[in-house]
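Coordinates as given in query_17.cif (mmCIF, N, CA and C atoms):
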data_run
#
loop_
_atom_site.label_atom_id
_atom_site.label_comp_id
_atom_site.auth_asym_id
_atom_site.auth_seq_id
_atom_site.Cartn_x
_atom_site.Cartn_y
_atom_site.Cartn_z
N MET A 317 -182.21 140.04 -40.54
CA MET A 317 -181.41 139.92 -41.76
C MET A 317 -182.19 140.49 -42.93
N MET A 318 -181.53 140.80 -43.99
CA MET A 318 -182.14 141.41 -45.16
C MET A 318 -183.11 140.48 -45.87
N GLY A 319 -184.39 140.75 -45.83
CA GLY A 319 -185.36 140.02 -46.64
C GLY A 319 -185.76 138.68 -46.10
N ALA A 320 -184.84 137.76 -46.07
CA ALA A 320 -185.17 136.42 -45.63
C ALA A 320 -184.09 135.94 -44.68
N THR A 321 -184.51 135.32 -43.63
CA THR A 321 -183.54 134.79 -42.69
C THR A 321 -183.30 133.33 -43.01
N PRO A 322 -182.11 132.85 -42.76
CA PRO A 322 -181.82 131.45 -43.04
C PRO A 322 -182.74 130.55 -42.22
N VAL A 323 -183.19 129.50 -42.85
CA VAL A 323 -184.06 128.53 -42.18
C VAL A 323 -183.18 127.47 -41.55
N LYS A 324 -183.37 127.25 -40.27
CA LYS A 324 -182.60 126.23 -39.58
C LYS A 324 -183.33 124.89 -39.67
N HIS A 325 -182.74 123.97 -40.38
CA HIS A 325 -183.26 122.61 -40.47
C HIS A 325 -182.17 121.66 -40.04
N GLU A 326 -182.57 120.57 -39.51
CA GLU A 326 -181.61 119.54 -39.15
C GLU A 326 -181.41 118.62 -40.35
N HIS A 327 -180.56 119.04 -41.27
CA HIS A 327 -180.24 118.23 -42.44
C HIS A 327 -179.08 117.32 -42.08
N GLY A 328 -179.03 116.22 -42.78
CA GLY A 328 -177.88 115.36 -42.64
C GLY A 328 -176.66 116.03 -43.24
N ARG A 329 -175.50 115.56 -42.86
CA ARG A 329 -174.25 116.14 -43.34
C ARG A 329 -174.16 116.09 -44.87
N ILE A 330 -174.62 115.02 -45.48
CA ILE A 330 -174.53 114.89 -46.94
C ILE A 330 -175.39 115.94 -47.63
N VAL A 331 -176.60 116.15 -47.14
CA VAL A 331 -177.50 117.15 -47.74
C VAL A 331 -176.90 118.55 -47.57
N ARG A 332 -176.34 118.81 -46.40
CA ARG A 332 -175.73 120.12 -46.15
C ARG A 332 -174.56 120.37 -47.10
N VAL A 333 -173.69 119.40 -47.25
CA VAL A 333 -172.55 119.53 -48.16
C VAL A 333 -173.04 119.70 -49.60
N PHE A 334 -174.05 118.92 -49.98
CA PHE A 334 -174.62 119.02 -51.33
C PHE A 334 -175.15 120.44 -51.58
N LEU A 335 -175.88 120.99 -50.63
CA LEU A 335 -176.43 122.35 -50.78
C LEU A 335 -175.32 123.39 -50.86
N ILE A 336 -174.27 123.22 -50.08
CA ILE A 336 -173.14 124.16 -50.13
C ILE A 336 -172.44 124.08 -51.49
N VAL A 337 -172.25 122.88 -52.01
CA VAL A 337 -171.60 122.72 -53.33
C VAL A 337 -172.47 123.36 -54.42
N ILE A 338 -173.77 123.07 -54.40
CA ILE A 338 -174.67 123.67 -55.39
C ILE A 338 -174.67 125.19 -55.24
N GLY A 339 -174.66 125.68 -54.00
CA GLY A 339 -174.62 127.11 -53.75
C GLY A 339 -173.39 127.76 -54.36
N TRP A 340 -172.23 127.17 -54.13
CA TRP A 340 -171.00 127.76 -54.66
C TRP A 340 -170.91 127.64 -56.17
N LEU A 341 -171.40 126.53 -56.74
CA LEU A 341 -171.45 126.42 -58.20
C LEU A 341 -172.37 127.50 -58.79
N SER A 342 -173.45 127.79 -58.08
CA SER A 342 -174.37 128.84 -58.52
C SER A 342 -173.72 130.22 -58.43
N VAL A 343 -172.94 130.45 -57.37
CA VAL A 343 -172.23 131.72 -57.25
C VAL A 343 -171.24 131.87 -58.41
N VAL A 344 -170.49 130.82 -58.70
CA VAL A 344 -169.53 130.87 -59.81
C VAL A 344 -170.27 131.15 -61.12
N GLY A 345 -171.39 130.43 -61.34
CA GLY A 345 -172.18 130.67 -62.55
C GLY A 345 -172.72 132.08 -62.60
N GLY A 346 -173.17 132.59 -61.46
CA GLY A 346 -173.68 133.96 -61.41
C GLY A 346 -172.61 134.99 -61.71
N VAL A 347 -171.42 134.77 -61.20
CA VAL A 347 -170.31 135.68 -61.49
C VAL A 347 -169.95 135.61 -62.98
N LEU A 348 -169.94 134.41 -63.55
CA LEU A 348 -169.69 134.28 -64.99
C LEU A 348 -170.76 135.02 -65.79
N GLY A 349 -171.99 135.00 -65.27
CA GLY A 349 -173.09 135.67 -65.94
C GLY A 349 -172.92 137.18 -66.02
N ILE A 350 -172.10 137.73 -65.14
CA ILE A 350 -171.82 139.16 -65.21
C ILE A 350 -171.06 139.48 -66.50
N PHE A 351 -170.22 138.54 -66.94
CA PHE A 351 -169.37 138.76 -68.09
C PHE A 351 -169.88 138.09 -69.37
N LEU A 352 -170.70 137.04 -69.22
CA LEU A 352 -171.23 136.32 -70.38
C LEU A 352 -172.71 136.64 -70.53
N PRO A 353 -173.11 137.19 -71.65
CA PRO A 353 -174.47 137.71 -71.79
C PRO A 353 -175.58 136.66 -71.71
N LEU A 354 -175.33 135.41 -72.02
CA LEU A 354 -176.40 134.41 -72.00
C LEU A 354 -176.51 133.64 -70.69
N VAL A 355 -175.63 133.91 -69.76
CA VAL A 355 -175.68 133.22 -68.47
C VAL A 355 -176.44 134.11 -67.48
N PRO A 356 -177.55 133.61 -66.93
CA PRO A 356 -178.37 134.45 -66.04
C PRO A 356 -177.73 134.64 -64.67
N THR A 357 -177.39 135.85 -64.33
CA THR A 357 -176.71 136.16 -63.07
C THR A 357 -177.63 136.06 -61.87
N VAL A 358 -178.71 136.84 -61.88
CA VAL A 358 -179.57 136.94 -60.71
C VAL A 358 -180.22 135.60 -60.34
N PRO A 359 -180.79 134.83 -61.29
CA PRO A 359 -181.38 133.55 -60.89
C PRO A 359 -180.37 132.59 -60.25
N LEU A 360 -179.15 132.60 -60.75
CA LEU A 360 -178.13 131.71 -60.16
C LEU A 360 -177.75 132.18 -58.76
N LEU A 361 -177.66 133.49 -58.57
CA LEU A 361 -177.35 134.01 -57.23
C LEU A 361 -178.52 133.75 -56.26
N LEU A 362 -179.74 133.81 -56.75
CA LEU A 362 -180.89 133.49 -55.90
C LEU A 362 -180.89 132.02 -55.51
N LEU A 363 -180.49 131.16 -56.44
CA LEU A 363 -180.35 129.74 -56.11
C LEU A 363 -179.28 129.56 -55.04
N ALA A 364 -178.18 130.27 -55.17
CA ALA A 364 -177.11 130.19 -54.17
C ALA A 364 -177.60 130.64 -52.80
N VAL A 365 -178.34 131.75 -52.76
CA VAL A 365 -178.87 132.25 -51.48
C VAL A 365 -179.80 131.21 -50.86
N ALA A 366 -180.65 130.59 -51.68
CA ALA A 366 -181.57 129.58 -51.17
C ALA A 366 -180.81 128.37 -50.62
N CYS A 367 -179.79 127.94 -51.33
CA CYS A 367 -178.99 126.79 -50.86
C CYS A 367 -178.26 127.14 -49.56
N PHE A 368 -177.66 128.31 -49.51
CA PHE A 368 -176.93 128.71 -48.31
C PHE A 368 -177.87 128.94 -47.12
N ALA A 369 -179.07 129.42 -47.38
CA ALA A 369 -180.03 129.65 -46.30
C ALA A 369 -180.39 128.34 -45.60
N ARG A 370 -180.26 127.24 -46.32
CA ARG A 370 -180.60 125.94 -45.76
C ARG A 370 -179.38 125.12 -45.34
N SER A 371 -178.18 125.69 -45.55
CA SER A 371 -177.01 124.89 -45.24
C SER A 371 -175.92 125.62 -44.45
N SER A 372 -175.73 126.92 -44.68
CA SER A 372 -174.65 127.64 -44.03
C SER A 372 -175.02 129.09 -43.79
N GLU A 373 -175.25 129.43 -42.55
CA GLU A 373 -175.59 130.82 -42.21
C GLU A 373 -174.45 131.76 -42.58
N ARG A 374 -173.21 131.30 -42.41
CA ARG A 374 -172.05 132.13 -42.72
C ARG A 374 -171.99 132.46 -44.22
N PHE A 375 -172.16 131.46 -45.09
CA PHE A 375 -172.13 131.70 -46.53
C PHE A 375 -173.32 132.55 -46.96
N HIS A 376 -174.48 132.29 -46.36
CA HIS A 376 -175.68 133.06 -46.68
C HIS A 376 -175.45 134.54 -46.37
N ARG A 377 -174.97 134.81 -45.17
CA ARG A 377 -174.73 136.19 -44.75
C ARG A 377 -173.66 136.85 -45.63
N SER A 378 -172.60 136.11 -45.94
CA SER A 378 -171.53 136.71 -46.74
C SER A 378 -172.01 137.05 -48.16
N LEU A 379 -172.90 136.25 -48.72
CA LEU A 379 -173.42 136.56 -50.05
C LEU A 379 -174.39 137.74 -49.99
N ILE A 380 -175.26 137.76 -49.02
CA ILE A 380 -176.22 138.86 -48.86
C ILE A 380 -175.50 140.19 -48.61
N GLU A 381 -174.41 140.15 -47.85
CA GLU A 381 -173.69 141.37 -47.49
C GLU A 381 -172.54 141.72 -48.44
N HIS A 382 -172.34 140.91 -49.47
CA HIS A 382 -171.26 141.16 -50.42
C HIS A 382 -171.47 142.51 -51.10
N ASN A 383 -170.39 143.27 -51.26
CA ASN A 383 -170.49 144.63 -51.82
C ASN A 383 -171.09 144.67 -53.21
N TYR A 384 -170.75 143.72 -54.07
CA TYR A 384 -171.25 143.77 -55.44
C TYR A 384 -172.41 142.80 -55.66
N LEU A 385 -172.28 141.56 -55.20
CA LEU A 385 -173.32 140.56 -55.44
C LEU A 385 -174.53 140.73 -54.52
N GLY A 386 -174.31 141.25 -53.34
CA GLY A 386 -175.38 141.41 -52.37
C GLY A 386 -176.57 142.21 -52.87
N PRO A 387 -176.34 143.39 -53.47
CA PRO A 387 -177.49 144.17 -53.95
C PRO A 387 -178.33 143.45 -55.00
N LEU A 388 -177.71 142.58 -55.79
CA LEU A 388 -178.46 141.86 -56.82
C LEU A 388 -179.51 140.95 -56.21
N VAL A 389 -179.20 140.33 -55.07
CA VAL A 389 -180.17 139.42 -54.45
C VAL A 389 -181.00 140.10 -53.37
N ARG A 390 -180.44 141.10 -52.71
CA ARG A 390 -181.19 141.80 -51.65
C ARG A 390 -182.45 142.45 -52.20
N ASP A 391 -182.35 143.07 -53.37
CA ASP A 391 -183.51 143.72 -53.95
C ASP A 391 -184.66 142.73 -54.14
N TYR A 392 -184.34 141.55 -54.62
CA TYR A 392 -185.37 140.52 -54.81
C TYR A 392 -185.93 140.06 -53.47
N LEU A 393 -185.04 139.79 -52.52
CA LEU A 393 -185.48 139.30 -51.21
C LEU A 393 -186.33 140.31 -50.47
N GLN A 394 -186.10 141.60 -50.73
CA GLN A 394 -186.88 142.65 -50.09
C GLN A 394 -188.15 142.99 -50.86
N GLY A 395 -188.40 142.28 -51.96
CA GLY A 395 -189.61 142.49 -52.72
C GLY A 395 -189.53 143.59 -53.76
N ALA A 396 -188.34 144.13 -53.99
CA ALA A 396 -188.19 145.21 -54.98
C ALA A 396 -188.19 144.68 -56.41
N GLY A 397 -187.96 143.40 -56.58
CA GLY A 397 -187.99 142.79 -57.90
C GLY A 397 -186.62 142.45 -58.44
N ILE A 398 -186.61 142.09 -59.74
CA ILE A 398 -185.36 141.76 -60.41
C ILE A 398 -185.22 142.65 -61.64
N PRO A 399 -183.99 142.92 -62.07
CA PRO A 399 -183.79 143.80 -63.22
C PRO A 399 -184.44 143.25 -64.50
N ARG A 400 -184.86 144.14 -65.36
CA ARG A 400 -185.50 143.76 -66.63
C ARG A 400 -184.59 142.85 -67.46
N ARG A 401 -183.32 143.16 -67.51
CA ARG A 401 -182.38 142.33 -68.29
C ARG A 401 -182.32 140.91 -67.74
N ALA A 402 -182.34 140.77 -66.42
CA ALA A 402 -182.31 139.45 -65.81
C ALA A 402 -183.58 138.67 -66.15
N LYS A 403 -184.71 139.34 -66.13
CA LYS A 403 -185.96 138.68 -66.51
C LYS A 403 -185.90 138.21 -67.96
N ALA A 404 -185.50 139.11 -68.84
CA ALA A 404 -185.47 138.79 -70.27
C ALA A 404 -184.50 137.65 -70.56
N THR A 405 -183.32 137.70 -69.96
CA THR A 405 -182.33 136.64 -70.18
C THR A 405 -182.84 135.31 -69.65
N THR A 406 -183.43 135.32 -68.47
CA THR A 406 -183.93 134.09 -67.87
C THR A 406 -185.04 133.49 -68.73
N ILE A 407 -185.98 134.31 -69.16
CA ILE A 407 -187.08 133.79 -69.98
C ILE A 407 -186.57 133.29 -71.32
N GLY A 408 -185.65 134.02 -71.92
CA GLY A 408 -185.07 133.57 -73.19
C GLY A 408 -184.34 132.25 -73.07
N MET A 409 -183.48 132.14 -72.06
CA MET A 409 -182.74 130.89 -71.86
C MET A 409 -183.68 129.74 -71.50
N LEU A 410 -184.69 130.03 -70.73
CA LEU A 410 -185.67 129.02 -70.36
C LEU A 410 -186.33 128.43 -71.60
N TRP A 411 -186.82 129.30 -72.49
CA TRP A 411 -187.53 128.81 -73.66
C TRP A 411 -186.60 128.13 -74.67
N VAL A 412 -185.37 128.59 -74.78
CA VAL A 412 -184.42 127.91 -75.66
C VAL A 412 -184.14 126.51 -75.14
N SER A 413 -183.81 126.40 -73.85
CA SER A 413 -183.46 125.08 -73.30
C SER A 413 -184.67 124.14 -73.26
N ILE A 414 -185.84 124.64 -72.90
CA ILE A 414 -187.03 123.78 -72.85
C ILE A 414 -187.43 123.35 -74.26
N SER A 415 -187.34 124.26 -75.22
CA SER A 415 -187.71 123.91 -76.60
C SER A 415 -186.79 122.83 -77.15
N VAL A 416 -185.49 122.98 -76.92
CA VAL A 416 -184.54 121.96 -77.38
C VAL A 416 -184.82 120.63 -76.69
N SER A 417 -185.06 120.67 -75.40
CA SER A 417 -185.36 119.44 -74.65
C SER A 417 -186.63 118.79 -75.18
N ALA A 418 -187.68 119.59 -75.39
CA ALA A 418 -188.95 119.04 -75.89
C ALA A 418 -188.77 118.44 -77.28
N PHE A 419 -187.94 119.07 -78.10
CA PHE A 419 -187.69 118.55 -79.44
C PHE A 419 -186.96 117.20 -79.39
N LEU A 420 -186.06 117.04 -78.43
CA LEU A 420 -185.26 115.82 -78.34
C LEU A 420 -185.99 114.66 -77.68
N VAL A 421 -187.04 114.96 -76.92
CA VAL A 421 -187.80 113.90 -76.24
C VAL A 421 -188.87 113.39 -77.18
N PRO A 422 -188.90 112.06 -77.43
CA PRO A 422 -189.88 111.54 -78.38
C PRO A 422 -191.30 111.36 -77.82
N THR A 423 -191.46 111.46 -76.53
CA THR A 423 -192.75 111.21 -75.90
C THR A 423 -193.57 112.50 -75.87
N ARG A 424 -194.76 112.46 -76.46
CA ARG A 424 -195.60 113.64 -76.59
C ARG A 424 -196.00 114.24 -75.23
N TRP A 425 -196.38 113.40 -74.25
CA TRP A 425 -196.83 113.95 -72.97
C TRP A 425 -195.69 114.63 -72.22
N VAL A 426 -194.46 114.15 -72.41
CA VAL A 426 -193.31 114.80 -71.78
C VAL A 426 -193.05 116.16 -72.45
N GLN A 427 -193.21 116.21 -73.76
CA GLN A 427 -193.05 117.48 -74.48
C GLN A 427 -194.06 118.51 -73.98
N VAL A 428 -195.30 118.08 -73.84
CA VAL A 428 -196.35 118.99 -73.35
C VAL A 428 -196.05 119.42 -71.92
N LEU A 429 -195.62 118.49 -71.09
CA LEU A 429 -195.29 118.80 -69.70
C LEU A 429 -194.16 119.83 -69.63
N LEU A 430 -193.12 119.66 -70.43
CA LEU A 430 -192.01 120.61 -70.46
C LEU A 430 -192.49 122.01 -70.86
N LEU A 431 -193.33 122.07 -71.86
CA LEU A 431 -193.84 123.37 -72.31
C LEU A 431 -194.74 124.01 -71.26
N LEU A 432 -195.52 123.21 -70.56
CA LEU A 432 -196.36 123.73 -69.48
C LEU A 432 -195.51 124.27 -68.33
N ILE A 433 -194.44 123.56 -68.01
CA ILE A 433 -193.53 124.03 -66.95
C ILE A 433 -192.90 125.36 -67.36
N ALA A 434 -192.45 125.45 -68.61
CA ALA A 434 -191.86 126.70 -69.10
C ALA A 434 -192.88 127.84 -69.06
N ALA A 435 -194.12 127.55 -69.42
CA ALA A 435 -195.16 128.58 -69.39
C ALA A 435 -195.42 129.04 -67.95
N ALA A 436 -195.44 128.10 -67.02
CA ALA A 436 -195.69 128.45 -65.61
C ALA A 436 -194.54 129.31 -65.06
N ILE A 437 -193.31 128.95 -65.38
CA ILE A 437 -192.16 129.72 -64.90
C ILE A 437 -192.17 131.12 -65.53
N THR A 438 -192.50 131.19 -66.81
CA THR A 438 -192.58 132.48 -67.49
C THR A 438 -193.65 133.36 -66.84
N TRP A 439 -194.81 132.80 -66.56
CA TRP A 439 -195.89 133.54 -65.90
C TRP A 439 -195.42 134.06 -64.55
N TYR A 440 -194.73 133.19 -63.78
CA TYR A 440 -194.21 133.61 -62.48
C TYR A 440 -193.24 134.78 -62.63
N LEU A 441 -192.33 134.68 -63.59
CA LEU A 441 -191.33 135.74 -63.79
C LEU A 441 -191.98 137.05 -64.23
N PHE A 442 -192.99 136.96 -65.09
CA PHE A 442 -193.69 138.18 -65.51
C PHE A 442 -194.41 138.86 -64.34
N ARG A 443 -194.85 138.07 -63.39
CA ARG A 443 -195.57 138.63 -62.24
C ARG A 443 -194.65 139.25 -61.20
N LEU A 444 -193.36 138.90 -61.22
CA LEU A 444 -192.41 139.51 -60.29
C LEU A 444 -192.25 140.99 -60.62
N PRO A 445 -192.07 141.81 -59.60
CA PRO A 445 -191.82 143.22 -59.88
C PRO A 445 -190.52 143.39 -60.66
N THR A 446 -190.52 144.37 -61.54
CA THR A 446 -189.30 144.69 -62.30
C THR A 446 -188.58 145.82 -61.59
N LEU A 447 -187.33 145.57 -61.28
CA LEU A 447 -186.51 146.57 -60.59
C LEU A 447 -186.09 147.63 -61.58
N LEU A 448 -186.48 148.86 -61.30
CA LEU A 448 -186.11 149.96 -62.17
C LEU A 448 -184.68 150.39 -61.87
N PRO A 449 -183.94 150.82 -62.90
CA PRO A 449 -182.57 151.28 -62.67
C PRO A 449 -182.57 152.47 -61.73
N LYS A 450 -181.57 152.50 -60.85
CA LYS A 450 -181.44 153.63 -59.92
C LYS A 450 -180.88 154.82 -60.66
N LYS A 451 -181.48 155.97 -60.44
CA LYS A 451 -181.01 157.19 -61.11
C LYS A 451 -179.75 157.71 -60.41
N GLU A 452 -178.81 158.13 -61.22
CA GLU A 452 -177.58 158.72 -60.68
C GLU A 452 -177.88 160.12 -60.17
N GLU A 453 -177.37 160.46 -59.04
CA GLU A 453 -177.60 161.79 -58.48
C GLU A 453 -176.38 162.66 -58.60
#
Could you spell out this file's structure in structure tokens?
Amino acid sequence: MMGATPVKHEHGRIVRVFLIVIGWLSVVGGVLGIFLPLVPTVPLLLLAVACFARSSERFHRSLIEHNYLGPLVRDYLQGAGIPRRAKATTIGMLWVSISVSAFLVPTRWVQVLLLLIAAAITWYLFRLPTLLPKKEE
């Protein structure tokens, strides 16, 4: 299979259903992200692929092989990276949401922890390869 093969685990029925629901909600969010500039498309589709890989081989395969959504996640799974716009949107949304959360939490150690988590995620995203746009021939 492309990039990553689904992991077969013996999950309980409730966990499997939960992962499928989260996967489909992520697909819906990812599709909305195509049309709404502040909704991150690729990270939500990657979450969906991860959920489906652990819950439904059929849904996993259908998302990976989808004509439009498939290339968005296949590139990442094959190590080619994620688009620059997806990186920028994800990092921007991450820092906006973490900053608001840290501001609303009155406990100092939780604020510091939230900012450290955001910094770690940002570092991870910066280290991912950036997918260059394909040139039209």
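Between atom C of Pro356 in chain A and CA of Leu431 in chain A the interatomic distance comes to 21.1 Å.
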* To do: For the file shown, report as a list in words the outcome of the PyMOL selection byres ((chain A and resi 436-452) around 6) at residue level.
  =>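 Applied to this file, the PyMOL selection byres ((chain A and resi 436-452) around 6) selects Ala396, Gly397, Ile398, Pro399, Arg400, Leu431, Leu432, Ile433, Ala434, Ala435 and Glu453 of chain A.
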* To one decimal in Å, tell me the separation between CA of Asp391 in chain A and CA of Arg377 in chain A. => 14.8 Å
* Give me the residues within 9 Å of range 334-336 of chain A as number ranges by chain, counting only C-alpha atoms and dropping any in the same chain fewer than 2 places off. => A: 329-332, 338-341, 364, 366-368, 370-372, 375
* Asked: Can you tell me, as a ChimeraX atom specification, what residues are no more than 10 Å from Thr357 in chain A when counting only C-alpha atoms, ignoring any on the same chain fewer than 4 positions away?
  -> /A:342-353,361-362,385,388-389,401-402,405-406
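Atom N of Leu360 in chain A sits 12.1 Å away from atom N of Met409 in chain A.
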* Where does DSSP see helix (DSSP H, G or I) in chain A, if you list the residues as a PyMOL selection string? -> chain A and resi 329-351+357-369+373-380+385-393+400-420+424-443
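When you apply the PyMOL selection byres (((chain A and resi 430 and name CA) around 12) and name CA) to this structure, what comes back is Leu410, Trp411, Val412, Ser413, Ile414, Ser415, Val416, Ser417, Ala418, Phe419, Leu420, Val421, Thr423, Arg424, Trp425, Val426, Gln427, Val428, Leu429, Leu431, Leu432, Ile433, Ala434, Ala435, Ala436 and Ile437 of chain A.
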* Check chain A with DSSP on the backbone and list each residue it calls strand (DSSP E or B), as a ChimeraX atom specification. => /A:398-399,446-447
For range 339-413 of chain A of the block above, can you save C-alpha atoms as a compact mmCIF listing (two decimals), in the first residue's frame?
# COMPACT_ATOMS: atom_id res chain seq x y z
CA GLY A 339 -11.86 9.65 10.96
CA TRP A 340 -14.99 10.74 9.11
CA LEU A 341 -15.28 13.97 11.11
CA SER A 342 -11.67 14.66 10.13
CA VAL A 343 -12.44 13.97 6.47
CA VAL A 344 -15.38 16.40 6.61
CA GLY A 345 -13.16 18.99 8.32
CA GLY A 346 -10.44 18.43 5.73
CA VAL A 347 -12.87 18.89 2.87
CA LEU A 348 -14.17 22.09 4.50
CA GLY A 349 -10.54 23.21 4.75
CA ILE A 350 -10.31 23.14 0.97
CA PHE A 351 -12.86 25.96 0.87
CA LEU A 352 -12.23 27.73 4.20
CA PRO A 353 -8.78 29.30 4.47
CA LEU A 354 -8.31 28.87 8.25
CA VAL A 355 -9.25 25.19 8.42
CA PRO A 356 -6.18 22.97 7.95
CA THR A 357 -6.88 20.39 5.23
CA VAL A 358 -3.82 18.14 5.25
CA PRO A 359 -3.49 17.67 9.05
CA LEU A 360 -7.17 16.70 9.31
CA LEU A 361 -6.83 14.25 6.42
CA LEU A 362 -3.72 12.77 8.05
CA LEU A 363 -5.69 12.32 11.26
CA ALA A 364 -8.40 10.56 9.24
CA VAL A 365 -5.83 8.24 7.61
CA ALA A 366 -4.38 7.40 11.03
CA CYS A 367 -7.83 6.65 12.47
CA PHE A 368 -8.84 4.53 9.49
CA ALA A 369 -5.52 2.65 9.52
CA ARG A 370 -6.42 1.44 12.99
CA SER A 371 -10.11 0.83 12.44
CA SER A 372 -11.14 0.18 8.81
CA GLU A 373 -8.93 -1.06 6.00
CA ARG A 374 -11.70 -0.24 3.50
CA PHE A 375 -11.99 3.43 4.59
CA HIS A 376 -8.20 3.73 4.78
CA ARG A 377 -7.76 2.42 1.25
CA SER A 378 -10.59 4.54 -0.14
CA LEU A 379 -9.08 7.73 1.32
CA ILE A 380 -5.54 6.91 0.15
CA GLU A 381 -6.82 6.06 -3.36
CA HIS A 382 -9.29 8.96 -3.62
CA ASN A 383 -8.71 10.98 -6.81
CA TYR A 384 -8.53 14.37 -5.10
CA LEU A 385 -7.88 13.75 -1.39
CA GLY A 386 -5.50 10.83 -1.88
CA PRO A 387 -2.56 12.84 -3.27
CA LEU A 388 -2.72 15.23 -0.30
CA VAL A 389 -1.99 12.42 2.16
CA ARG A 390 0.03 10.08 -0.06
CA ASP A 391 2.80 12.63 -0.49
CA TYR A 392 3.21 12.86 3.28
CA LEU A 393 3.01 9.10 3.80
CA GLN A 394 5.67 8.57 1.14
CA GLY A 395 7.98 11.07 2.81
CA ALA A 396 7.63 13.80 0.19
CA GLY A 397 6.35 16.25 2.80
CA ILE A 398 3.39 18.59 3.13
CA PRO A 399 2.61 21.76 1.16
CA ARG A 400 3.99 25.06 2.46
CA ARG A 401 0.48 26.51 2.80
CA ALA A 402 -0.59 23.55 4.95
CA LYS A 403 2.43 24.03 7.21
CA ALA A 404 1.83 27.75 7.57
CA THR A 405 -1.89 27.34 8.25
CA THR A 406 -1.30 24.59 10.79
CA ILE A 407 1.37 26.53 12.66
CA GLY A 408 -0.72 29.69 12.62
CA MET A 409 -3.85 27.96 13.90
CA LEU A 410 -1.81 26.08 16.48
CA TRP A 411 -0.35 29.26 17.97
CA VAL A 412 -3.67 31.13 17.90
CA SER A 413 -5.54 28.31 19.67
